[in-house]
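Asks: Below is the file target-v3.txt, with compact mmCIF, N, CA and C atoms.
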```txt
# COMPACT_ATOMS: atom_id res chain seq x y z
N MET A 1 -2.36 -12.35 -9.15
CA MET A 1 -2.65 -12.95 -7.86
C MET A 1 -3.84 -13.89 -8.03
N THR A 2 -3.73 -15.08 -7.50
CA THR A 2 -4.83 -16.03 -7.56
C THR A 2 -5.82 -15.74 -6.43
N GLN A 3 -6.99 -16.38 -6.47
CA GLN A 3 -7.98 -16.20 -5.41
C GLN A 3 -7.43 -16.65 -4.05
N VAL A 4 -6.73 -17.78 -4.03
CA VAL A 4 -6.15 -18.28 -2.77
C VAL A 4 -5.11 -17.29 -2.25
N GLU A 5 -4.24 -16.79 -3.15
CA GLU A 5 -3.24 -15.79 -2.75
C GLU A 5 -3.92 -14.53 -2.24
N PHE A 6 -5.01 -14.13 -2.91
CA PHE A 6 -5.74 -12.94 -2.48
C PHE A 6 -6.28 -13.12 -1.06
N GLU A 7 -6.88 -14.24 -0.79
CA GLU A 7 -7.46 -14.47 0.53
C GLU A 7 -6.39 -14.45 1.62
N MET A 8 -5.24 -15.05 1.34
CA MET A 8 -4.14 -15.03 2.31
C MET A 8 -3.61 -13.61 2.47
N TRP A 9 -3.44 -12.90 1.36
CA TRP A 9 -2.96 -11.53 1.42
C TRP A 9 -3.93 -10.64 2.18
N GLN A 10 -5.23 -10.79 1.90
CA GLN A 10 -6.22 -9.93 2.53
C GLN A 10 -6.20 -10.08 4.04
N GLU A 11 -6.09 -11.30 4.52
CA GLU A 11 -6.02 -11.52 5.97
C GLU A 11 -4.79 -10.83 6.55
N HIS A 12 -3.65 -11.00 5.88
CA HIS A 12 -2.42 -10.37 6.33
C HIS A 12 -2.52 -8.84 6.24
N GLU A 13 -3.07 -8.34 5.15
CA GLU A 13 -3.18 -6.90 4.92
C GLU A 13 -4.01 -6.22 5.99
N VAL A 14 -5.15 -6.81 6.31
CA VAL A 14 -6.03 -6.22 7.33
C VAL A 14 -5.28 -6.12 8.67
N GLU A 15 -4.57 -7.16 9.05
CA GLU A 15 -3.84 -7.14 10.32
C GLU A 15 -2.67 -6.16 10.28
N ALA A 16 -1.89 -6.18 9.21
CA ALA A 16 -0.73 -5.29 9.11
C ALA A 16 -1.16 -3.83 9.10
N TYR A 17 -2.23 -3.51 8.36
CA TYR A 17 -2.71 -2.14 8.32
C TYR A 17 -3.28 -1.74 9.68
N ALA A 18 -3.92 -2.66 10.37
CA ALA A 18 -4.44 -2.37 11.70
C ALA A 18 -3.30 -2.01 12.65
N VAL A 19 -2.22 -2.74 12.60
CA VAL A 19 -1.06 -2.44 13.46
C VAL A 19 -0.53 -1.04 13.14
N ASP A 20 -0.43 -0.72 11.84
CA ASP A 20 0.03 0.62 11.45
C ASP A 20 -0.92 1.70 11.99
N ILE A 21 -2.21 1.48 11.84
CA ILE A 21 -3.20 2.45 12.34
C ILE A 21 -3.04 2.64 13.84
N ALA A 22 -2.96 1.54 14.56
CA ALA A 22 -2.86 1.61 16.03
C ALA A 22 -1.59 2.34 16.46
N GLU A 23 -0.47 2.01 15.82
CA GLU A 23 0.79 2.65 16.19
C GLU A 23 0.81 4.13 15.83
N ALA A 24 0.23 4.48 14.70
CA ALA A 24 0.26 5.87 14.25
C ALA A 24 -0.76 6.75 14.97
N SER A 25 -1.89 6.17 15.37
CA SER A 25 -2.97 6.99 15.93
C SER A 25 -3.19 6.79 17.42
N GLY A 26 -2.67 5.68 17.96
CA GLY A 26 -2.88 5.41 19.38
C GLY A 26 -4.21 4.77 19.69
N VAL A 27 -5.03 4.44 18.68
CA VAL A 27 -6.29 3.77 18.96
C VAL A 27 -6.00 2.32 19.35
N PRO A 28 -6.87 1.72 20.15
CA PRO A 28 -6.66 0.32 20.52
C PRO A 28 -6.64 -0.58 19.29
N LEU A 29 -5.87 -1.67 19.36
CA LEU A 29 -5.70 -2.56 18.22
C LEU A 29 -7.02 -3.15 17.74
N ASP A 30 -7.93 -3.48 18.64
CA ASP A 30 -9.23 -4.02 18.21
C ASP A 30 -10.00 -3.02 17.35
N GLU A 31 -9.97 -1.75 17.75
CA GLU A 31 -10.65 -0.72 16.96
C GLU A 31 -9.94 -0.54 15.61
N ALA A 32 -8.61 -0.57 15.63
CA ALA A 32 -7.84 -0.45 14.40
C ALA A 32 -8.14 -1.61 13.45
N ARG A 33 -8.31 -2.80 14.00
CA ARG A 33 -8.65 -3.97 13.16
C ARG A 33 -10.01 -3.76 12.49
N ARG A 34 -10.97 -3.27 13.24
CA ARG A 34 -12.30 -3.02 12.65
C ARG A 34 -12.19 -1.98 11.53
N ARG A 35 -11.45 -0.92 11.79
CA ARG A 35 -11.30 0.14 10.79
C ARG A 35 -10.59 -0.41 9.54
N SER A 36 -9.55 -1.18 9.74
CA SER A 36 -8.81 -1.76 8.63
C SER A 36 -9.69 -2.69 7.81
N ALA A 37 -10.42 -3.57 8.47
CA ALA A 37 -11.29 -4.52 7.77
C ALA A 37 -12.37 -3.79 6.99
N THR A 38 -12.96 -2.75 7.59
CA THR A 38 -14.01 -1.98 6.93
C THR A 38 -13.46 -1.28 5.69
N GLN A 39 -12.31 -0.62 5.83
CA GLN A 39 -11.73 0.10 4.70
C GLN A 39 -11.36 -0.85 3.56
N THR A 40 -10.78 -1.98 3.91
CA THR A 40 -10.39 -2.93 2.87
C THR A 40 -11.62 -3.46 2.14
N ALA A 41 -12.68 -3.77 2.90
CA ALA A 41 -13.91 -4.27 2.27
C ALA A 41 -14.54 -3.20 1.38
N GLU A 42 -14.49 -1.94 1.80
CA GLU A 42 -15.05 -0.85 0.98
C GLU A 42 -14.25 -0.65 -0.30
N LEU A 43 -12.93 -0.78 -0.21
CA LEU A 43 -12.07 -0.54 -1.37
C LEU A 43 -12.03 -1.72 -2.34
N LEU A 44 -12.31 -2.92 -1.82
CA LEU A 44 -12.30 -4.12 -2.66
C LEU A 44 -13.62 -4.87 -2.52
N PRO A 45 -14.75 -4.23 -2.88
CA PRO A 45 -16.04 -4.87 -2.66
C PRO A 45 -16.22 -6.17 -3.45
N ASP A 46 -15.54 -6.29 -4.57
CA ASP A 46 -15.62 -7.49 -5.39
C ASP A 46 -14.31 -8.27 -5.38
N GLY A 47 -13.52 -8.09 -4.32
CA GLY A 47 -12.26 -8.80 -4.20
C GLY A 47 -11.36 -8.55 -5.39
N LEU A 48 -10.79 -9.62 -5.93
CA LEU A 48 -9.89 -9.51 -7.08
C LEU A 48 -10.57 -8.91 -8.30
N ARG A 49 -11.88 -9.01 -8.36
CA ARG A 49 -12.62 -8.52 -9.53
C ARG A 49 -13.09 -7.07 -9.37
N THR A 50 -12.64 -6.39 -8.34
CA THR A 50 -13.03 -5.00 -8.13
C THR A 50 -12.51 -4.15 -9.29
N ALA A 51 -13.41 -3.40 -9.91
CA ALA A 51 -13.05 -2.57 -11.06
C ALA A 51 -11.92 -1.61 -10.70
N GLY A 52 -10.90 -1.58 -11.55
CA GLY A 52 -9.78 -0.66 -11.37
C GLY A 52 -8.73 -1.10 -10.38
N ALA A 53 -9.00 -2.15 -9.63
CA ALA A 53 -8.03 -2.63 -8.63
C ALA A 53 -7.03 -3.57 -9.29
N HIS A 54 -5.78 -3.37 -8.98
CA HIS A 54 -4.70 -4.20 -9.50
C HIS A 54 -3.94 -4.77 -8.31
N LEU A 55 -4.09 -6.06 -8.08
CA LEU A 55 -3.41 -6.75 -6.99
C LEU A 55 -2.37 -7.66 -7.61
N LEU A 56 -1.12 -7.30 -7.43
CA LEU A 56 -0.03 -7.96 -8.14
C LEU A 56 0.99 -8.54 -7.17
N ARG A 57 1.47 -9.72 -7.50
CA ARG A 57 2.59 -10.28 -6.75
C ARG A 57 3.87 -9.71 -7.33
N ILE A 58 4.83 -9.45 -6.48
CA ILE A 58 6.15 -9.00 -6.90
C ILE A 58 7.05 -10.23 -6.88
N LEU A 59 7.70 -10.50 -8.01
CA LEU A 59 8.49 -11.72 -8.15
C LEU A 59 9.96 -11.38 -8.37
N ASP A 60 10.83 -12.28 -7.91
CA ASP A 60 12.26 -12.13 -8.19
C ASP A 60 12.57 -12.71 -9.57
N ALA A 61 13.83 -12.69 -9.96
CA ALA A 61 14.23 -13.13 -11.30
C ALA A 61 13.91 -14.59 -11.56
N GLU A 62 13.83 -15.39 -10.50
CA GLU A 62 13.51 -16.82 -10.65
C GLU A 62 12.01 -17.08 -10.59
N GLY A 63 11.21 -16.02 -10.42
CA GLY A 63 9.76 -16.18 -10.35
C GLY A 63 9.24 -16.43 -8.96
N GLY A 64 10.11 -16.32 -7.97
CA GLY A 64 9.67 -16.51 -6.58
C GLY A 64 9.05 -15.24 -6.03
N PRO A 65 7.99 -15.37 -5.23
CA PRO A 65 7.32 -14.19 -4.68
C PRO A 65 8.17 -13.50 -3.62
N VAL A 66 8.24 -12.16 -3.72
CA VAL A 66 8.98 -11.36 -2.74
C VAL A 66 8.14 -10.23 -2.17
N GLY A 67 6.91 -10.10 -2.63
CA GLY A 67 6.07 -9.02 -2.12
C GLY A 67 4.76 -8.89 -2.88
N VAL A 68 4.04 -7.83 -2.53
CA VAL A 68 2.70 -7.58 -3.09
C VAL A 68 2.55 -6.09 -3.36
N LEU A 69 1.82 -5.78 -4.44
CA LEU A 69 1.50 -4.40 -4.81
C LEU A 69 0.01 -4.31 -5.07
N TRP A 70 -0.63 -3.30 -4.47
CA TRP A 70 -2.06 -3.04 -4.69
C TRP A 70 -2.20 -1.60 -5.17
N VAL A 71 -2.65 -1.44 -6.39
CA VAL A 71 -2.85 -0.13 -7.00
C VAL A 71 -4.30 -0.04 -7.46
N GLY A 72 -4.91 1.11 -7.26
CA GLY A 72 -6.28 1.31 -7.71
C GLY A 72 -6.58 2.78 -7.89
N PRO A 73 -7.83 3.09 -8.17
CA PRO A 73 -8.22 4.49 -8.33
C PRO A 73 -8.00 5.28 -7.04
N HIS A 74 -7.62 6.52 -7.19
CA HIS A 74 -7.44 7.42 -6.05
C HIS A 74 -8.76 7.55 -5.31
N PRO A 75 -8.75 7.57 -4.00
CA PRO A 75 -10.01 7.62 -3.25
C PRO A 75 -10.81 8.92 -3.43
N ARG A 76 -10.14 10.02 -3.85
CA ARG A 76 -10.86 11.29 -3.96
C ARG A 76 -10.61 12.04 -5.29
N ARG A 77 -9.68 11.57 -6.09
CA ARG A 77 -9.34 12.25 -7.34
C ARG A 77 -9.59 11.31 -8.51
N PRO A 78 -10.64 11.53 -9.28
CA PRO A 78 -11.03 10.59 -10.33
C PRO A 78 -9.98 10.34 -11.39
N ALA A 79 -9.10 11.28 -11.67
CA ALA A 79 -8.13 11.10 -12.74
C ALA A 79 -6.78 10.56 -12.24
N ALA A 80 -6.75 10.13 -10.98
CA ALA A 80 -5.48 9.70 -10.40
C ALA A 80 -5.57 8.29 -9.85
N GLY A 81 -4.41 7.68 -9.68
CA GLY A 81 -4.32 6.36 -9.07
C GLY A 81 -3.76 6.47 -7.66
N TRP A 82 -3.80 5.35 -6.95
CA TRP A 82 -3.34 5.33 -5.56
C TRP A 82 -2.67 3.99 -5.28
N VAL A 83 -1.52 4.03 -4.64
CA VAL A 83 -0.86 2.81 -4.18
C VAL A 83 -1.39 2.53 -2.77
N TYR A 84 -2.27 1.54 -2.68
CA TYR A 84 -2.88 1.20 -1.39
C TYR A 84 -1.96 0.34 -0.54
N ASP A 85 -1.15 -0.48 -1.19
CA ASP A 85 -0.24 -1.32 -0.43
C ASP A 85 0.94 -1.70 -1.30
N ILE A 86 2.10 -1.63 -0.71
CA ILE A 86 3.30 -2.19 -1.30
C ILE A 86 4.06 -2.80 -0.14
N GLU A 87 4.35 -4.05 -0.27
CA GLU A 87 5.08 -4.72 0.79
C GLU A 87 6.08 -5.70 0.18
N ILE A 88 7.31 -5.53 0.59
CA ILE A 88 8.39 -6.41 0.18
C ILE A 88 8.77 -7.25 1.39
N ASP A 89 8.95 -8.57 1.18
CA ASP A 89 9.36 -9.43 2.28
C ASP A 89 10.61 -8.83 2.94
N GLU A 90 10.61 -8.84 4.25
CA GLU A 90 11.68 -8.15 4.99
C GLU A 90 13.08 -8.59 4.57
N GLU A 91 13.27 -9.88 4.37
CA GLU A 91 14.61 -10.37 4.01
C GLU A 91 15.01 -10.01 2.58
N ARG A 92 14.08 -9.48 1.78
CA ARG A 92 14.38 -9.12 0.39
C ARG A 92 14.43 -7.59 0.20
N ARG A 93 14.24 -6.84 1.27
CA ARG A 93 14.28 -5.38 1.16
C ARG A 93 15.70 -4.92 0.87
N GLY A 94 15.80 -3.78 0.20
CA GLY A 94 17.10 -3.23 -0.14
C GLY A 94 17.73 -3.85 -1.37
N GLN A 95 16.95 -4.64 -2.11
CA GLN A 95 17.47 -5.31 -3.30
C GLN A 95 16.85 -4.76 -4.60
N GLY A 96 16.12 -3.65 -4.50
CA GLY A 96 15.56 -3.02 -5.69
C GLY A 96 14.13 -3.42 -6.02
N PHE A 97 13.54 -4.33 -5.23
CA PHE A 97 12.19 -4.77 -5.54
C PHE A 97 11.15 -3.67 -5.28
N GLY A 98 11.35 -2.87 -4.24
CA GLY A 98 10.43 -1.77 -3.96
C GLY A 98 10.42 -0.75 -5.08
N ARG A 99 11.60 -0.40 -5.55
CA ARG A 99 11.72 0.55 -6.67
C ARG A 99 11.04 -0.03 -7.91
N ALA A 100 11.31 -1.29 -8.22
CA ALA A 100 10.71 -1.92 -9.40
C ALA A 100 9.19 -1.96 -9.26
N ALA A 101 8.70 -2.25 -8.06
CA ALA A 101 7.25 -2.30 -7.83
C ALA A 101 6.62 -0.92 -8.02
N MET A 102 7.29 0.12 -7.54
CA MET A 102 6.74 1.46 -7.71
C MET A 102 6.74 1.88 -9.18
N LEU A 103 7.75 1.48 -9.93
CA LEU A 103 7.74 1.76 -11.37
C LEU A 103 6.62 0.98 -12.06
N ALA A 104 6.36 -0.23 -11.59
CA ALA A 104 5.23 -1.00 -12.12
C ALA A 104 3.92 -0.31 -11.79
N ALA A 105 3.80 0.25 -10.58
CA ALA A 105 2.59 0.99 -10.21
C ALA A 105 2.38 2.17 -11.13
N GLU A 106 3.45 2.86 -11.46
CA GLU A 106 3.35 4.00 -12.37
C GLU A 106 2.93 3.54 -13.77
N ALA A 107 3.41 2.37 -14.20
CA ALA A 107 3.01 1.83 -15.50
C ALA A 107 1.53 1.47 -15.50
N VAL A 108 1.05 0.88 -14.41
CA VAL A 108 -0.38 0.57 -14.28
C VAL A 108 -1.18 1.86 -14.38
N ALA A 109 -0.74 2.89 -13.66
CA ALA A 109 -1.44 4.18 -13.68
C ALA A 109 -1.51 4.75 -15.10
N ALA A 110 -0.39 4.69 -15.80
CA ALA A 110 -0.36 5.19 -17.17
C ALA A 110 -1.31 4.39 -18.06
N ASP A 111 -1.32 3.07 -17.91
CA ASP A 111 -2.22 2.21 -18.69
C ASP A 111 -3.68 2.53 -18.41
N GLU A 112 -3.97 2.90 -17.16
CA GLU A 112 -5.35 3.26 -16.78
C GLU A 112 -5.73 4.66 -17.26
N GLY A 113 -4.74 5.44 -17.70
CA GLY A 113 -5.02 6.81 -18.13
C GLY A 113 -5.04 7.81 -17.00
N TRP A 114 -4.56 7.41 -15.83
CA TRP A 114 -4.51 8.33 -14.69
C TRP A 114 -3.40 9.34 -14.92
N THR A 115 -3.62 10.56 -14.49
CA THR A 115 -2.65 11.63 -14.71
C THR A 115 -1.70 11.81 -13.54
N ALA A 116 -1.93 11.11 -12.45
CA ALA A 116 -1.07 11.21 -11.27
C ALA A 116 -1.25 9.94 -10.45
N ILE A 117 -0.33 9.71 -9.54
CA ILE A 117 -0.44 8.57 -8.62
C ILE A 117 0.06 9.03 -7.25
N GLY A 118 -0.63 8.58 -6.23
CA GLY A 118 -0.25 8.97 -4.87
C GLY A 118 -0.20 7.77 -3.95
N LEU A 119 0.21 8.03 -2.73
CA LEU A 119 0.28 6.98 -1.71
C LEU A 119 0.36 7.63 -0.35
N ASN A 120 0.19 6.82 0.67
CA ASN A 120 0.37 7.27 2.05
C ASN A 120 1.55 6.49 2.61
N VAL A 121 2.37 7.16 3.37
CA VAL A 121 3.47 6.48 4.06
C VAL A 121 3.50 7.00 5.49
N PHE A 122 3.57 6.08 6.43
CA PHE A 122 3.64 6.47 7.83
C PHE A 122 5.00 7.10 8.11
N GLY A 123 5.00 8.14 8.92
CA GLY A 123 6.20 8.93 9.18
C GLY A 123 7.39 8.13 9.68
N ARG A 124 7.14 7.07 10.42
CA ARG A 124 8.25 6.29 10.97
C ARG A 124 8.92 5.41 9.92
N ASN A 125 8.33 5.31 8.72
CA ASN A 125 8.87 4.46 7.67
C ASN A 125 9.86 5.28 6.82
N VAL A 126 10.99 5.60 7.42
CA VAL A 126 11.99 6.47 6.81
C VAL A 126 12.53 5.88 5.51
N ARG A 127 12.76 4.58 5.50
CA ARG A 127 13.32 3.93 4.31
C ARG A 127 12.38 4.06 3.11
N ALA A 128 11.08 3.82 3.34
CA ALA A 128 10.11 3.95 2.25
C ALA A 128 10.01 5.39 1.79
N ARG A 129 9.99 6.32 2.73
CA ARG A 129 9.91 7.74 2.36
C ARG A 129 11.08 8.12 1.45
N ALA A 130 12.27 7.63 1.78
CA ALA A 130 13.45 7.94 0.96
C ALA A 130 13.29 7.37 -0.46
N LEU A 131 12.75 6.15 -0.56
CA LEU A 131 12.51 5.55 -1.87
C LEU A 131 11.54 6.41 -2.67
N TYR A 132 10.41 6.76 -2.08
CA TYR A 132 9.40 7.52 -2.80
C TYR A 132 9.95 8.89 -3.24
N GLU A 133 10.67 9.54 -2.36
CA GLU A 133 11.25 10.84 -2.71
C GLU A 133 12.24 10.69 -3.86
N SER A 134 13.03 9.61 -3.86
CA SER A 134 13.99 9.39 -4.95
C SER A 134 13.30 9.15 -6.28
N LEU A 135 12.03 8.72 -6.24
CA LEU A 135 11.25 8.49 -7.45
C LEU A 135 10.43 9.72 -7.86
N GLY A 136 10.57 10.82 -7.11
CA GLY A 136 9.89 12.06 -7.49
C GLY A 136 8.59 12.34 -6.77
N TYR A 137 8.23 11.54 -5.78
CA TYR A 137 7.02 11.80 -5.01
C TYR A 137 7.30 12.94 -4.04
N ALA A 138 6.29 13.79 -3.85
CA ALA A 138 6.41 14.94 -2.97
C ALA A 138 5.28 14.92 -1.94
N VAL A 139 5.51 15.54 -0.81
CA VAL A 139 4.52 15.59 0.26
C VAL A 139 3.38 16.51 -0.15
N ASP A 140 2.14 16.00 -0.06
CA ASP A 140 0.94 16.81 -0.30
C ASP A 140 0.42 17.39 1.00
N SER A 141 0.45 16.60 2.06
CA SER A 141 0.04 17.06 3.38
C SER A 141 0.85 16.28 4.40
N LEU A 142 0.89 16.79 5.61
CA LEU A 142 1.71 16.17 6.64
C LEU A 142 1.00 16.31 7.97
N GLN A 143 0.75 15.20 8.63
CA GLN A 143 0.17 15.22 9.97
C GLN A 143 1.29 14.96 10.95
N MET A 144 1.27 15.69 12.07
CA MET A 144 2.30 15.51 13.09
C MET A 144 1.66 15.35 14.46
N THR A 145 2.32 14.62 15.32
CA THR A 145 1.81 14.37 16.67
C THR A 145 2.93 14.52 17.67
N LYS A 146 2.58 15.02 18.82
CA LYS A 146 3.51 15.08 19.95
C LYS A 146 2.84 14.37 21.12
N VAL A 147 3.51 13.35 21.66
CA VAL A 147 2.98 12.64 22.81
C VAL A 147 3.31 13.46 24.06
N LEU A 148 2.30 13.74 24.86
CA LEU A 148 2.46 14.55 26.06
C LEU A 148 2.51 13.68 27.31
N GLY A 149 3.22 14.16 28.30
CA GLY A 149 3.27 13.43 29.58
C GLY A 149 4.24 12.28 29.53
N GLY A 150 4.33 11.61 30.71
CA GLY A 150 5.11 10.40 30.94
C GLY A 150 6.27 10.24 30.12
```
For this file, produce the structure as structure tokens.
Replies:
Amino acid sequence: MTQVEFEMWQEHEVEAYAVDIAEASGVPLDEARRRSATQTAELLPDGLRTAGAHLLRILDAEGGPVGVLWVGPHPRRPAAGWVYDIEIDEERRGQGFGRAAMLAAEAVAADEGWTAIGLNVFGRNVRARALYESLGYAVDSLQMTKVLGG
């Protein structure tokens, strides 16, 4: 990823993650944006040059961009990696790019010497959950919510 690509991705990432936070937690979008921006800045203090961070473009066979993968050190487990973001362009989903990207994430983790790799997936993302489960990922913890009233 180039610096220009990183800056464009970062702006998109902060907004997309904020929407996910707001939808999953019910917090107002403005608060979710602040939380998303803060977390991203903390995880990538040196941008593309952040130690251990791997920000990769996902390309099709012709070299055209179809998505982005962000892999880095696990936030709480020193010997593990974490998939912070994987996004495939909507019109290219279901074509094997997500699976290929996750296998690339595992290769990055192995190259880094990490003994495990994890990720977070929002419960409503059934398609992604099915992909991760097919690759051998298992649930470590599960948060559930019930909306009351109305």
Asks: Taking (18.5, 1.9, -0.1) in the coordinates of the supplied file, I want to know which residues reach to within 8 Å of it, counting only N, CA and C atoms; could you give the answer as a PDB file with N, CA and C atoms, keeping the file's coordinate frame?
Replies:
```
ATOM      1  N   ARG A  93      14.240  -6.840   1.270  1.00  0.00           N
ATOM      2  CA  ARG A  93      14.280  -5.380   1.160  1.00  0.00           C
ATOM      3  C   ARG A  93      15.700  -4.920   0.870  1.00  0.00           C
ATOM      4  N   GLY A  94      15.800  -3.780   0.200  1.00  0.00           N
ATOM      5  CA  GLY A  94      17.100  -3.230  -0.140  1.00  0.00           C
ATOM      6  C   GLY A  94      17.730  -3.850  -1.370  1.00  0.00           C
ATOM      7  N   GLN A  95      16.950  -4.640  -2.110  1.00  0.00           N
ATOM      8  CA  GLN A  95      17.470  -5.310  -3.300  1.00  0.00           C
ATOM      9  C   GLN A  95      16.850  -4.760  -4.600  1.00  0.00           C
ATOM     10  N   GLY A  96      16.120  -3.650  -4.500  1.00  0.00           N
ATOM     11  CA  GLY A  96      15.560  -3.020  -5.690  1.00  0.00           C
ATOM     12  C   GLY A  96      14.130  -3.420  -6.020  1.00  0.00           C
ATOM     13  N   ARG A 127      12.760   4.580   5.500  1.00  0.00           N
ATOM     14  CA  ARG A 127      13.320   3.930   4.310  1.00  0.00           C
ATOM     15  C   ARG A 127      12.380   4.060   3.110  1.00  0.00           C
ATOM     16  N   ALA A 130      12.270   7.630   1.780  1.00  0.00           N
ATOM     17  CA  ALA A 130      13.450   7.940   0.960  1.00  0.00           C
ATOM     18  C   ALA A 130      13.290   7.370  -0.460  1.00  0.00           C
ATOM     19  N   LEU A 131      12.750   6.150  -0.560  1.00  0.00           N
ATOM     20  CA  LEU A 131      12.510   5.550  -1.870  1.00  0.00           C
ATOM     21  C   LEU A 131      11.540   6.410  -2.670  1.00  0.00           C
TER      22      LEU A 131
END
```
Asks: Can you work out the spacing between atom N of Leu44 (chain A) and atom C of Asp111 (chain A) in Å, to one decimal?
Replies: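 Atom C of Asp111 (chain A) lies at a distance of 19.5 Å from atom N of Leu44 (chain A).
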Asks: Using all atoms listed in the file, which of the listed residues (A:Ala110, A:Leu56, A:Leu48, A:Val14) sits closest to Ser36 (chain A)?
Replies: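 Of all the options, A:Val14 lies closest to Ser36 (chain A).
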Asks: From a DSSP calculation on the backbone, collect every residue of region 12-117 of chain A in strand (DSSP E) and output the set as a list in words.
Replies: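 Matching residues, listed in order: His54, Leu55, Leu56, Arg57, Ile58, Leu59, Pro65, Val66, Gly67, Val68, Leu69, Trp70, Val71, Gly72, Pro73, Ala80, Gly81, Trp82, Val83, Tyr84, Asp85, Ile86, Glu87, Ile88, Ala116 and Ile117 of chain A.
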Asks: Choose the residue, out of A:Gly67, A:Thr38, A:Arg124, A:Ile117, that has the smallest atom-to-atom separation from Met144 (chain A); count only C-alpha atoms.
Replies: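 Smallest separation from Met144 (chain A) among the options: A:Arg124.
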Asks: Assign secondary structure with DSSP using the backbone only, and return the residues of chain A in alpha helix (DSSP H) as a ChimeraX atom specification.
Replies: /A:3-25,29-43,97-112,126-134
Asks: Would you compute the distance between CA of Val147 (chain A) and CA of Val27 (chain A)? Give it in Å to one decimal.
Replies: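 CA of Val27 (chain A) lies 13.4 Å from CA of Val147 (chain A).
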Asks: What's the separation between atom N of Val19 (chain A) and atom C of Arg33 (chain A), in Å to one decimal place?
Replies: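 It comes out at 7.9 Å.
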Asks: Using all atoms listed in the file, which protein or nucleic acid residues come within 8 Å of Gly123 (chain A)? Drop anything in the same chain fewer than 6 positions from it, and give the result as a list in words.
Replies: Ala24, Arg129 and Gln143 of chain A
Asks: May I ask which of the residues A:Asp20, A:Lys146, A:Met1, A:Pro45 is the closest one to Trp70 (chain A), counting only C-alpha atoms?
Replies: A:Met1
Asks: For a cutoff of 10 Å around the file-coordinate point (-8.4, 1.4, 15.7), which residues qualify once you count only C-alpha atoms? I'd like the result as a list in words.
Replies: Tyr17, Ala18, Val19, Asp20, Ile21, Ala22, Glu23, Ala24, Ser25, Gly26, Val27, Pro28, Leu29, Asp30, Glu31, Ala32, Arg33, Arg34, Arg35 and Ser36 of chain A
Asks: Calculated over only C-alpha atoms, which of the candidates A:Glu106, A:Val68, A:Leu59, A:Gly98 has the smallest distance to Gly81 (chain A)?
Replies: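 So, comparing all the options, the nearest one is A:Glu106.
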Asks: Go through A:His74, A:Arg49, A:Arg99, A:His12 and flag the residue nearest Ala116 (chain A), using all atoms listed in the file for the distances.
Replies: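 Comparing A:His74, A:Arg49, A:Arg99, A:His12 against Ala116 (chain A), the winner is A:His74.
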